[in-house]
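Enquirer: Sharing entry-v1.txt below, compact mmCIF, N, CA and C atoms and all ligand atoms:
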```txt
# COMPACT_ATOMS: atom_id res chain seq x y z
N MET A 1 27.78 26.34 -13.51
CA MET A 1 27.84 26.82 -12.13
C MET A 1 26.53 26.48 -11.41
N TYR A 2 26.64 25.75 -10.29
CA TYR A 2 25.46 25.37 -9.51
C TYR A 2 25.05 26.49 -8.56
N SER A 3 23.76 26.71 -8.44
CA SER A 3 23.26 27.65 -7.43
C SER A 3 23.26 26.93 -6.08
N GLU A 4 23.10 27.69 -5.00
CA GLU A 4 23.03 27.08 -3.65
C GLU A 4 21.87 26.10 -3.58
N ALA A 5 20.72 26.47 -4.18
CA ALA A 5 19.53 25.60 -4.14
C ALA A 5 19.81 24.29 -4.87
N GLU A 6 20.50 24.37 -6.01
CA GLU A 6 20.82 23.16 -6.77
C GLU A 6 21.80 22.27 -5.99
N LYS A 7 22.78 22.91 -5.34
CA LYS A 7 23.74 22.13 -4.53
C LYS A 7 23.01 21.42 -3.38
N GLU A 8 22.08 22.15 -2.74
CA GLU A 8 21.32 21.58 -1.62
C GLU A 8 20.47 20.41 -2.10
N SER A 9 19.84 20.57 -3.25
CA SER A 9 19.00 19.52 -3.81
C SER A 9 19.84 18.28 -4.15
N GLU A 10 21.03 18.52 -4.70
CA GLU A 10 21.97 17.43 -5.04
C GLU A 10 22.40 16.68 -3.78
N LYS A 11 22.65 17.42 -2.71
CA LYS A 11 23.07 16.81 -1.45
C LYS A 11 21.93 15.98 -0.87
N THR A 12 20.71 16.54 -0.88
CA THR A 12 19.56 15.81 -0.36
C THR A 12 19.38 14.51 -1.11
N SER A 13 19.51 14.59 -2.42
CA SER A 13 19.35 13.42 -3.26
C SER A 13 20.41 12.36 -2.94
N SER A 14 21.65 12.78 -2.76
CA SER A 14 22.69 11.78 -2.47
C SER A 14 22.54 11.27 -1.04
N ASP A 15 22.04 12.09 -0.11
CA ASP A 15 21.75 11.60 1.26
C ASP A 15 20.69 10.50 1.21
N LEU A 16 19.65 10.73 0.40
CA LEU A 16 18.57 9.73 0.28
C LEU A 16 19.12 8.42 -0.28
N ARG A 17 19.97 8.54 -1.33
CA ARG A 17 20.51 7.33 -1.98
C ARG A 17 21.44 6.56 -1.05
N ALA A 18 21.99 7.26 -0.04
CA ALA A 18 22.85 6.56 0.92
C ALA A 18 22.03 5.66 1.85
N VAL A 19 20.75 5.97 1.99
CA VAL A 19 19.91 5.24 2.94
C VAL A 19 18.91 4.31 2.25
N TYR A 20 18.35 4.78 1.13
CA TYR A 20 17.26 4.04 0.46
C TYR A 20 17.69 3.58 -0.92
N THR A 21 17.08 2.47 -1.38
CA THR A 21 17.35 2.00 -2.74
C THR A 21 16.68 2.94 -3.75
N GLU A 22 17.14 2.86 -4.99
CA GLU A 22 16.52 3.66 -6.06
C GLU A 22 15.03 3.33 -6.19
N ILE A 23 14.69 2.05 -5.97
CA ILE A 23 13.28 1.63 -6.09
C ILE A 23 12.44 2.31 -5.01
N VAL A 24 12.94 2.35 -3.79
CA VAL A 24 12.21 3.00 -2.70
C VAL A 24 12.02 4.49 -3.01
N ILE A 25 13.08 5.13 -3.43
CA ILE A 25 13.01 6.57 -3.72
C ILE A 25 12.01 6.83 -4.84
N ASP A 26 12.06 5.99 -5.88
CA ASP A 26 11.14 6.15 -7.01
C ASP A 26 9.68 5.99 -6.56
N HIS A 27 9.40 4.93 -5.79
CA HIS A 27 8.00 4.69 -5.35
C HIS A 27 7.55 5.74 -4.33
N ALA A 28 8.47 6.26 -3.53
CA ALA A 28 8.10 7.30 -2.56
C ALA A 28 7.80 8.62 -3.28
N GLN A 29 8.59 8.91 -4.32
CA GLN A 29 8.42 10.20 -5.00
C GLN A 29 7.36 10.13 -6.10
N ASN A 30 7.12 8.94 -6.63
CA ASN A 30 6.12 8.76 -7.70
C ASN A 30 5.23 7.57 -7.36
N PRO A 31 4.45 7.69 -6.27
CA PRO A 31 3.68 6.52 -5.84
C PRO A 31 2.68 6.06 -6.90
N ARG A 32 2.68 4.74 -7.13
CA ARG A 32 1.68 4.15 -8.03
C ARG A 32 0.43 3.87 -7.22
N ASN A 33 -0.71 3.93 -7.90
CA ASN A 33 -1.99 3.48 -7.32
C ASN A 33 -2.38 4.27 -6.06
N LEU A 34 -2.09 5.55 -6.04
CA LEU A 34 -2.47 6.38 -4.91
C LEU A 34 -3.90 6.85 -5.11
N GLY A 35 -4.76 6.65 -4.13
CA GLY A 35 -6.13 7.14 -4.25
C GLY A 35 -7.09 6.31 -3.44
N GLN A 36 -8.34 6.42 -3.79
CA GLN A 36 -9.41 5.68 -3.11
C GLN A 36 -10.38 5.21 -4.17
N ILE A 37 -11.12 4.12 -3.88
CA ILE A 37 -12.14 3.63 -4.81
C ILE A 37 -13.48 3.70 -4.08
N PRO A 38 -14.38 4.57 -4.54
CA PRO A 38 -15.70 4.59 -3.91
C PRO A 38 -16.40 3.24 -4.17
N ASP A 39 -17.12 2.73 -3.21
CA ASP A 39 -17.81 1.44 -3.35
C ASP A 39 -16.86 0.32 -3.76
N ALA A 40 -15.71 0.29 -3.13
CA ALA A 40 -14.74 -0.78 -3.41
C ALA A 40 -15.35 -2.13 -3.04
N ASP A 41 -14.83 -3.18 -3.67
CA ASP A 41 -15.29 -4.54 -3.34
C ASP A 41 -14.69 -5.02 -2.03
N GLY A 42 -13.60 -4.41 -1.62
CA GLY A 42 -13.00 -4.70 -0.33
C GLY A 42 -12.15 -3.51 0.06
N SER A 43 -12.17 -3.13 1.32
CA SER A 43 -11.35 -2.00 1.74
C SER A 43 -11.02 -2.14 3.23
N ALA A 44 -9.97 -1.45 3.63
CA ALA A 44 -9.59 -1.47 5.04
C ALA A 44 -8.74 -0.25 5.34
N SER A 45 -8.77 0.15 6.59
CA SER A 45 -7.93 1.23 7.08
C SER A 45 -7.27 0.71 8.35
N ILE A 46 -5.95 0.62 8.30
CA ILE A 46 -5.21 0.04 9.43
C ILE A 46 -4.21 1.07 9.95
N THR A 47 -4.17 1.21 11.27
CA THR A 47 -3.18 2.10 11.89
C THR A 47 -2.09 1.25 12.54
N GLY A 48 -0.85 1.54 12.18
CA GLY A 48 0.28 0.77 12.71
C GLY A 48 0.71 1.25 14.08
N SER A 49 1.70 0.57 14.63
CA SER A 49 2.17 0.88 15.98
C SER A 49 2.77 2.29 16.05
N CYS A 50 3.22 2.82 14.91
CA CYS A 50 3.83 4.16 14.90
C CYS A 50 2.77 5.26 14.84
N GLY A 51 1.49 4.87 14.62
CA GLY A 51 0.42 5.86 14.54
C GLY A 51 0.03 6.24 13.13
N ASP A 52 0.79 5.76 12.13
CA ASP A 52 0.43 6.05 10.73
C ASP A 52 -0.66 5.09 10.27
N THR A 53 -1.46 5.59 9.34
CA THR A 53 -2.59 4.81 8.84
C THR A 53 -2.43 4.55 7.35
N MET A 54 -2.80 3.34 6.93
CA MET A 54 -2.85 3.04 5.50
C MET A 54 -4.24 2.49 5.16
N GLU A 55 -4.79 3.02 4.08
CA GLU A 55 -6.06 2.52 3.56
C GLU A 55 -5.77 1.77 2.26
N ILE A 56 -6.46 0.66 2.06
CA ILE A 56 -6.35 -0.07 0.80
C ILE A 56 -7.76 -0.30 0.27
N TYR A 57 -7.92 -0.11 -1.02
CA TYR A 57 -9.21 -0.31 -1.69
C TYR A 57 -9.00 -1.28 -2.86
N LEU A 58 -9.92 -2.23 -3.00
CA LEU A 58 -9.79 -3.25 -4.04
C LEU A 58 -10.99 -3.27 -4.97
N ARG A 59 -10.72 -3.44 -6.24
CA ARG A 59 -11.77 -3.75 -7.22
C ARG A 59 -11.52 -5.19 -7.64
N VAL A 60 -12.49 -6.06 -7.39
CA VAL A 60 -12.31 -7.50 -7.60
C VAL A 60 -13.40 -8.04 -8.52
N ARG A 61 -13.01 -8.89 -9.46
CA ARG A 61 -13.97 -9.60 -10.31
C ARG A 61 -13.54 -11.05 -10.39
N ASN A 62 -14.50 -11.95 -10.17
CA ASN A 62 -14.21 -13.39 -10.20
C ASN A 62 -12.99 -13.75 -9.35
N ASP A 63 -12.95 -13.18 -8.18
CA ASP A 63 -11.86 -13.43 -7.22
C ASP A 63 -10.48 -13.01 -7.72
N LYS A 64 -10.44 -12.13 -8.73
CA LYS A 64 -9.15 -11.61 -9.20
C LYS A 64 -9.10 -10.10 -8.93
N ILE A 65 -7.96 -9.62 -8.46
CA ILE A 65 -7.82 -8.20 -8.14
C ILE A 65 -7.54 -7.42 -9.43
N LEU A 66 -8.55 -6.68 -9.88
CA LEU A 66 -8.39 -5.88 -11.10
C LEU A 66 -7.67 -4.58 -10.79
N ASN A 67 -7.96 -4.03 -9.61
CA ASN A 67 -7.31 -2.77 -9.24
C ASN A 67 -7.12 -2.73 -7.73
N ALA A 68 -6.02 -2.16 -7.32
CA ALA A 68 -5.72 -1.98 -5.89
C ALA A 68 -5.11 -0.61 -5.74
N VAL A 69 -5.66 0.18 -4.83
CA VAL A 69 -5.10 1.51 -4.59
C VAL A 69 -4.91 1.71 -3.10
N PHE A 70 -4.08 2.67 -2.74
CA PHE A 70 -3.82 2.92 -1.32
C PHE A 70 -3.82 4.41 -1.05
N PHE A 71 -3.98 4.73 0.23
CA PHE A 71 -3.88 6.10 0.69
C PHE A 71 -3.23 6.06 2.07
N THR A 72 -2.36 7.00 2.37
CA THR A 72 -1.71 6.99 3.69
C THR A 72 -1.40 8.40 4.16
N ASP A 73 -1.37 8.54 5.47
CA ASP A 73 -0.91 9.80 6.06
C ASP A 73 0.53 9.64 6.57
N GLY A 74 1.15 8.53 6.17
CA GLY A 74 2.49 8.21 6.67
C GLY A 74 3.60 8.88 5.88
N CYS A 75 4.82 8.46 6.17
CA CYS A 75 6.01 9.07 5.57
C CYS A 75 6.30 8.49 4.19
N GLY A 76 7.42 8.88 3.62
CA GLY A 76 7.78 8.44 2.27
C GLY A 76 7.93 6.93 2.15
N THR A 77 8.51 6.29 3.17
CA THR A 77 8.68 4.84 3.07
C THR A 77 7.34 4.12 3.18
N THR A 78 6.41 4.70 3.93
CA THR A 78 5.07 4.12 4.00
C THR A 78 4.41 4.21 2.63
N ALA A 79 4.57 5.36 1.98
CA ALA A 79 4.01 5.52 0.63
C ALA A 79 4.66 4.53 -0.33
N ALA A 80 5.97 4.34 -0.22
CA ALA A 80 6.66 3.38 -1.10
C ALA A 80 6.12 1.98 -0.87
N ALA A 81 5.88 1.61 0.39
CA ALA A 81 5.36 0.27 0.70
C ALA A 81 3.93 0.10 0.17
N GLY A 82 3.11 1.14 0.31
CA GLY A 82 1.74 1.07 -0.23
C GLY A 82 1.73 0.99 -1.74
N SER A 83 2.62 1.76 -2.36
CA SER A 83 2.75 1.73 -3.81
C SER A 83 3.15 0.33 -4.27
N MET A 84 4.13 -0.26 -3.59
CA MET A 84 4.62 -1.58 -4.01
C MET A 84 3.60 -2.67 -3.74
N VAL A 85 2.94 -2.65 -2.57
CA VAL A 85 2.01 -3.75 -2.28
C VAL A 85 0.84 -3.75 -3.27
N THR A 86 0.40 -2.57 -3.68
CA THR A 86 -0.70 -2.52 -4.65
C THR A 86 -0.22 -2.98 -6.03
N GLU A 87 1.02 -2.65 -6.39
CA GLU A 87 1.57 -3.14 -7.65
C GLU A 87 1.66 -4.67 -7.66
N ILE A 88 2.11 -5.24 -6.55
CA ILE A 88 2.26 -6.70 -6.47
C ILE A 88 0.89 -7.38 -6.50
N ALA A 89 -0.10 -6.76 -5.84
CA ALA A 89 -1.42 -7.41 -5.70
C ALA A 89 -2.22 -7.39 -7.00
N LYS A 90 -2.06 -6.35 -7.80
CA LYS A 90 -2.89 -6.22 -9.01
C LYS A 90 -2.67 -7.40 -9.95
N GLY A 91 -3.79 -7.98 -10.41
CA GLY A 91 -3.71 -9.10 -11.35
C GLY A 91 -3.66 -10.46 -10.67
N LYS A 92 -3.47 -10.47 -9.35
CA LYS A 92 -3.41 -11.75 -8.63
C LYS A 92 -4.82 -12.17 -8.19
N SER A 93 -4.98 -13.47 -7.94
CA SER A 93 -6.21 -13.94 -7.30
C SER A 93 -6.20 -13.41 -5.86
N VAL A 94 -7.38 -13.27 -5.26
CA VAL A 94 -7.40 -12.76 -3.89
C VAL A 94 -6.67 -13.72 -2.94
N SER A 95 -6.76 -15.03 -3.21
CA SER A 95 -6.07 -15.96 -2.30
C SER A 95 -4.56 -15.84 -2.45
N ASP A 96 -4.05 -15.62 -3.66
CA ASP A 96 -2.59 -15.41 -3.81
C ASP A 96 -2.17 -14.07 -3.19
N ALA A 97 -2.99 -13.05 -3.38
CA ALA A 97 -2.65 -11.72 -2.82
C ALA A 97 -2.64 -11.76 -1.29
N PHE A 98 -3.50 -12.61 -0.72
CA PHE A 98 -3.55 -12.72 0.74
C PHE A 98 -2.23 -13.24 1.30
N LYS A 99 -1.46 -13.94 0.46
CA LYS A 99 -0.18 -14.53 0.91
C LYS A 99 0.98 -13.53 0.84
N ILE A 100 0.73 -12.33 0.30
CA ILE A 100 1.82 -11.33 0.20
C ILE A 100 2.24 -10.91 1.61
N THR A 101 3.52 -11.01 1.87
CA THR A 101 4.02 -10.73 3.22
C THR A 101 4.84 -9.43 3.26
N GLN A 102 5.14 -9.03 4.46
CA GLN A 102 6.05 -7.90 4.68
C GLN A 102 7.37 -8.14 3.94
N HIS A 103 7.86 -9.38 3.97
CA HIS A 103 9.16 -9.69 3.34
C HIS A 103 9.07 -9.60 1.82
N ASP A 104 7.93 -9.98 1.25
CA ASP A 104 7.76 -9.84 -0.21
C ASP A 104 7.88 -8.37 -0.60
N ILE A 105 7.28 -7.50 0.20
CA ILE A 105 7.31 -6.06 -0.10
C ILE A 105 8.74 -5.53 0.07
N LEU A 106 9.39 -5.95 1.15
CA LEU A 106 10.77 -5.52 1.39
C LEU A 106 11.68 -5.99 0.25
N ASP A 107 11.49 -7.25 -0.19
CA ASP A 107 12.31 -7.77 -1.31
C ASP A 107 12.10 -6.94 -2.56
N ALA A 108 10.82 -6.65 -2.86
CA ALA A 108 10.51 -5.91 -4.10
C ALA A 108 11.07 -4.48 -4.05
N LEU A 109 11.17 -3.93 -2.85
CA LEU A 109 11.70 -2.56 -2.70
C LEU A 109 13.23 -2.56 -2.65
N GLY A 110 13.82 -3.75 -2.59
CA GLY A 110 15.28 -3.82 -2.46
C GLY A 110 15.73 -3.56 -1.04
N GLY A 111 14.78 -3.69 -0.08
CA GLY A 111 15.10 -3.51 1.33
C GLY A 111 14.74 -2.13 1.85
N LEU A 112 14.61 -2.04 3.15
CA LEU A 112 14.39 -0.77 3.86
C LEU A 112 15.28 -0.78 5.09
N PRO A 113 15.68 0.40 5.58
CA PRO A 113 16.44 0.42 6.83
C PRO A 113 15.61 -0.23 7.95
N GLU A 114 16.29 -0.81 8.90
CA GLU A 114 15.64 -1.52 10.01
C GLU A 114 14.46 -0.73 10.60
N GLU A 115 14.69 0.57 10.84
CA GLU A 115 13.67 1.36 11.52
C GLU A 115 12.45 1.65 10.65
N SER A 116 12.54 1.33 9.35
CA SER A 116 11.41 1.58 8.45
C SER A 116 10.72 0.30 8.00
N GLN A 117 11.20 -0.84 8.46
CA GLN A 117 10.65 -2.10 7.96
C GLN A 117 9.20 -2.31 8.37
N HIS A 118 8.78 -1.67 9.47
CA HIS A 118 7.38 -1.81 9.88
C HIS A 118 6.42 -1.18 8.86
N CYS A 119 6.92 -0.28 8.01
CA CYS A 119 6.06 0.33 6.97
C CYS A 119 5.57 -0.76 6.01
N ALA A 120 6.44 -1.73 5.70
CA ALA A 120 6.04 -2.83 4.82
C ALA A 120 5.04 -3.74 5.52
N LEU A 121 5.18 -3.88 6.84
CA LEU A 121 4.21 -4.69 7.59
C LEU A 121 2.84 -4.01 7.58
N LEU A 122 2.84 -2.69 7.75
CA LEU A 122 1.56 -1.97 7.69
C LEU A 122 0.89 -2.19 6.33
N ALA A 123 1.68 -2.17 5.26
CA ALA A 123 1.11 -2.35 3.92
C ALA A 123 0.54 -3.76 3.75
N SER A 124 1.27 -4.79 4.20
CA SER A 124 0.76 -6.17 4.05
C SER A 124 -0.45 -6.39 4.96
N ASP A 125 -0.44 -5.81 6.16
CA ASP A 125 -1.61 -5.94 7.06
C ASP A 125 -2.84 -5.26 6.45
N ALA A 126 -2.64 -4.09 5.84
CA ALA A 126 -3.78 -3.36 5.25
C ALA A 126 -4.34 -4.14 4.06
N LEU A 127 -3.46 -4.72 3.24
CA LEU A 127 -3.95 -5.52 2.11
C LEU A 127 -4.75 -6.72 2.61
N ARG A 128 -4.24 -7.43 3.59
CA ARG A 128 -4.96 -8.60 4.10
C ARG A 128 -6.31 -8.21 4.69
N ALA A 129 -6.35 -7.10 5.39
CA ALA A 129 -7.61 -6.65 5.97
C ALA A 129 -8.61 -6.30 4.87
N ALA A 130 -8.14 -5.70 3.78
CA ALA A 130 -9.04 -5.37 2.66
C ALA A 130 -9.56 -6.65 2.00
N ILE A 131 -8.72 -7.66 1.91
CA ILE A 131 -9.15 -8.94 1.33
C ILE A 131 -10.16 -9.63 2.26
N ARG A 132 -9.92 -9.56 3.56
CA ARG A 132 -10.91 -10.11 4.51
C ARG A 132 -12.25 -9.40 4.35
N ASP A 133 -12.19 -8.09 4.17
CA ASP A 133 -13.40 -7.29 3.98
C ASP A 133 -14.13 -7.76 2.70
N TYR A 134 -13.36 -8.01 1.65
CA TYR A 134 -13.95 -8.51 0.40
C TYR A 134 -14.67 -9.83 0.66
N PHE A 135 -14.05 -10.75 1.38
CA PHE A 135 -14.68 -12.05 1.64
C PHE A 135 -15.92 -11.92 2.52
N THR A 136 -15.87 -10.99 3.46
CA THR A 136 -17.04 -10.78 4.32
C THR A 136 -18.25 -10.42 3.48
N TYR A 137 -18.07 -9.46 2.56
CA TYR A 137 -19.20 -9.02 1.75
C TYR A 137 -19.55 -10.01 0.65
N LYS A 138 -18.57 -10.79 0.22
CA LYS A 138 -18.86 -11.82 -0.79
C LYS A 138 -19.75 -12.89 -0.16
N ASN A 139 -19.42 -13.28 1.07
CA ASN A 139 -20.16 -14.36 1.72
C ASN A 139 -21.47 -13.89 2.32
N GLN A 140 -21.55 -12.61 2.67
CA GLN A 140 -22.77 -12.07 3.28
C GLN A 140 -23.10 -10.73 2.64
N PRO A 141 -23.54 -10.76 1.37
CA PRO A 141 -23.74 -9.50 0.63
C PRO A 141 -24.74 -8.55 1.27
N TRP A 142 -25.67 -9.08 2.06
CA TRP A 142 -26.66 -8.21 2.69
C TRP A 142 -26.00 -7.20 3.64
N LYS A 143 -24.77 -7.51 4.11
CA LYS A 143 -24.10 -6.59 5.04
C LYS A 143 -23.69 -5.28 4.38
N ARG A 144 -23.60 -5.30 3.03
CA ARG A 144 -23.24 -4.06 2.32
C ARG A 144 -24.21 -2.93 2.62
N ALA A 145 -25.44 -3.27 2.81
CA ALA A 145 -26.46 -2.25 3.08
C ALA A 145 -26.16 -1.51 4.38
N TYR A 146 -25.44 -2.17 5.28
CA TYR A 146 -25.16 -1.56 6.58
C TYR A 146 -23.85 -0.77 6.58
N ARG A 147 -23.04 -0.98 5.52
CA ARG A 147 -21.70 -0.40 5.51
C ARG A 147 -21.73 1.12 5.66
N ALA A 148 -22.64 1.78 4.99
CA ALA A 148 -22.69 3.24 5.01
C ALA A 148 -23.11 3.79 6.36
N HIS A 149 -23.71 2.92 7.21
CA HIS A 149 -24.27 3.43 8.46
C HIS A 149 -23.40 3.16 9.68
N PHE A 150 -22.36 2.32 9.51
CA PHE A 150 -21.55 1.96 10.68
C PHE A 150 -20.08 2.19 10.41
FE1 LIG B 201 4.85 4.66 10.35
FE2 LIG B 201 6.13 4.09 8.11
S1 LIG B 201 6.80 5.40 9.71
S2 LIG B 201 4.32 3.21 8.84
```
Could the structure of this file be written out as structure tokens, please?

Expert:
Amino acid sequence: MYSEAEKESEKTSSDLRAVYTEIVIDHAQNPRNLGQIPDADGSASITGSCGDTMEIYLRVRNDKILNAVFFTDGCGTTAAAGSMVTEIAKGKSVSDAFKITQHDILDALGGLPEESQHCALLASDALRAAIRDYFTYKNQPWKRAYRAHF
């Protein structure tokens, strides 16, 4: 015998599955690589057209992404996109990771509803900005000294 709470939970779950893929639901409910890296080798905070922000932090050695983490104040699909973009980026060279597109993230998630597809764009934009940040400090390391002050 199901309680009212269990029935409601079951309905919510089937409502979600009607709209989102199992991969999206899994990454939204169990986001991988959520967090921040102090003194990251590259980082960025990007706010999308909807007003949500995604931060990406990279740990890089020899131009290879050893670790990538994200943080967001956005909704579940934004978290799923951040989770997936960091999973895809880890282990790649920075130049290969720079080529990750909104469509790569959407493909890996098994798609998103039209109105949520900009969440994947925010994730790819944030990753590219973090990689640009990495190159800035790689090419001009003296600028790191100014990072804490500006
Ligand atoms: Fe704003 Fe997802 S709803 S990025």

Enquirer: Which parts of range 10-148 of chain A does DSSP call alpha helix (DSSP H) when run on the backbone here, written out as a ChimeraX atom specification?

Expert: /A:10-19,22-29,76-89,94-98,102-109,117-139,144-147

Enquirer: Of the residues A:Val94, A:Cys75, A:Ala145, A:Ile25, which is the one nearest to ligand LIG 201 (chain B), using all atoms listed in the file?

Expert: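 Of A:Val94, A:Cys75, A:Ala145, A:Ile25, the one nearest ligand LIG 201 (chain B) is A:Cys75, counting all atoms listed in the file.
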
Enquirer: What's around Ala97 in chain A at 7 Å? Count all atoms listed in the file, leave out sequence neighbours fewer than 3 positions away in its own chain, and write the answer as a list in words.

Expert: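 Non-adjacent residues within range: Ile88, Ala89, Lys92, Ser93, Val94, Ile100, Thr101, Leu127 and Arg128 of chain A.
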
Enquirer: Out of A:Arg32, A:His103, A:Lys7, A:Lys138, which residue has the shortest atom-to-atom distance to Thr86 in chain A when counting only N, CA and C atoms?

Expert: A:Arg32

Enquirer: Which one is closest to Ser124 in chain A: A:Cys50, A:Leu66, A:Ala81, A:Ala40? Count all atoms listed in the file.

Expert: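 Among A:Cys50, A:Leu66, A:Ala81, A:Ala40, it is A:Ala81 that comes nearest to Ser124 in chain A.
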
Enquirer: Mind writing range 120-133 of chain A to a file for me, with N, CA and C atoms, as a CSV table (one decimal), in the first residue's frame?

Expert:
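Listing of part-v7.csv after writing:
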```
chain,number,residue,atom,x,y,z
A,120,ALA,N,22.9,24.2,-21.9
A,120,ALA,CA,24.1,23.6,-22.4
A,120,ALA,C,25.1,24.6,-23.1
A,121,LEU,N,24.5,25.7,-23.6
A,121,LEU,CA,25.3,26.7,-24.2
A,121,LEU,C,26.0,27.5,-23.0
A,122,LEU,N,25.4,27.7,-21.9
A,122,LEU,CA,26.0,28.3,-20.8
A,122,LEU,C,27.2,27.5,-20.3
A,123,ALA,N,27.0,26.2,-20.3
A,123,ALA,CA,28.1,25.3,-19.9
A,123,ALA,C,29.3,25.3,-20.8
A,124,SER,N,29.0,25.3,-22.1
A,124,SER,CA,30.2,25.3,-23.1
A,124,SER,C,30.8,26.7,-23.1
A,125,ASP,N,30.0,27.8,-22.9
A,125,ASP,CA,30.6,29.1,-22.8
A,125,ASP,C,31.5,29.2,-21.6
A,126,ALA,N,31.1,28.7,-20.5
A,126,ALA,CA,31.8,28.8,-19.2
A,126,ALA,C,33.1,28.0,-19.3
A,127,LEU,N,33.1,26.8,-20.0
A,127,LEU,CA,34.3,26.0,-20.1
A,127,LEU,C,35.3,26.8,-21.0
A,128,ARG,N,34.8,27.3,-22.1
A,128,ARG,CA,35.7,28.1,-23.0
A,128,ARG,C,36.3,29.3,-22.3
A,129,ALA,N,35.5,30.0,-21.5
A,129,ALA,CA,36.1,31.1,-20.8
A,129,ALA,C,37.1,30.7,-19.8
A,130,ALA,N,36.9,29.6,-19.2
A,130,ALA,CA,37.9,29.1,-18.2
A,130,ALA,C,39.2,28.7,-18.9
A,131,ILE,N,39.1,28.1,-20.1
A,131,ILE,CA,40.3,27.7,-20.9
A,131,ILE,C,41.0,29.0,-21.4
A,132,ARG,N,40.3,30.0,-21.8
A,132,ARG,CA,40.9,31.3,-22.2
A,132,ARG,C,41.6,31.9,-21.0
A,133,ASP,N,41.0,31.8,-19.8
A,133,ASP,CA,41.7,32.3,-18.6
A,133,ASP,C,43.0,31.5,-18.3
```
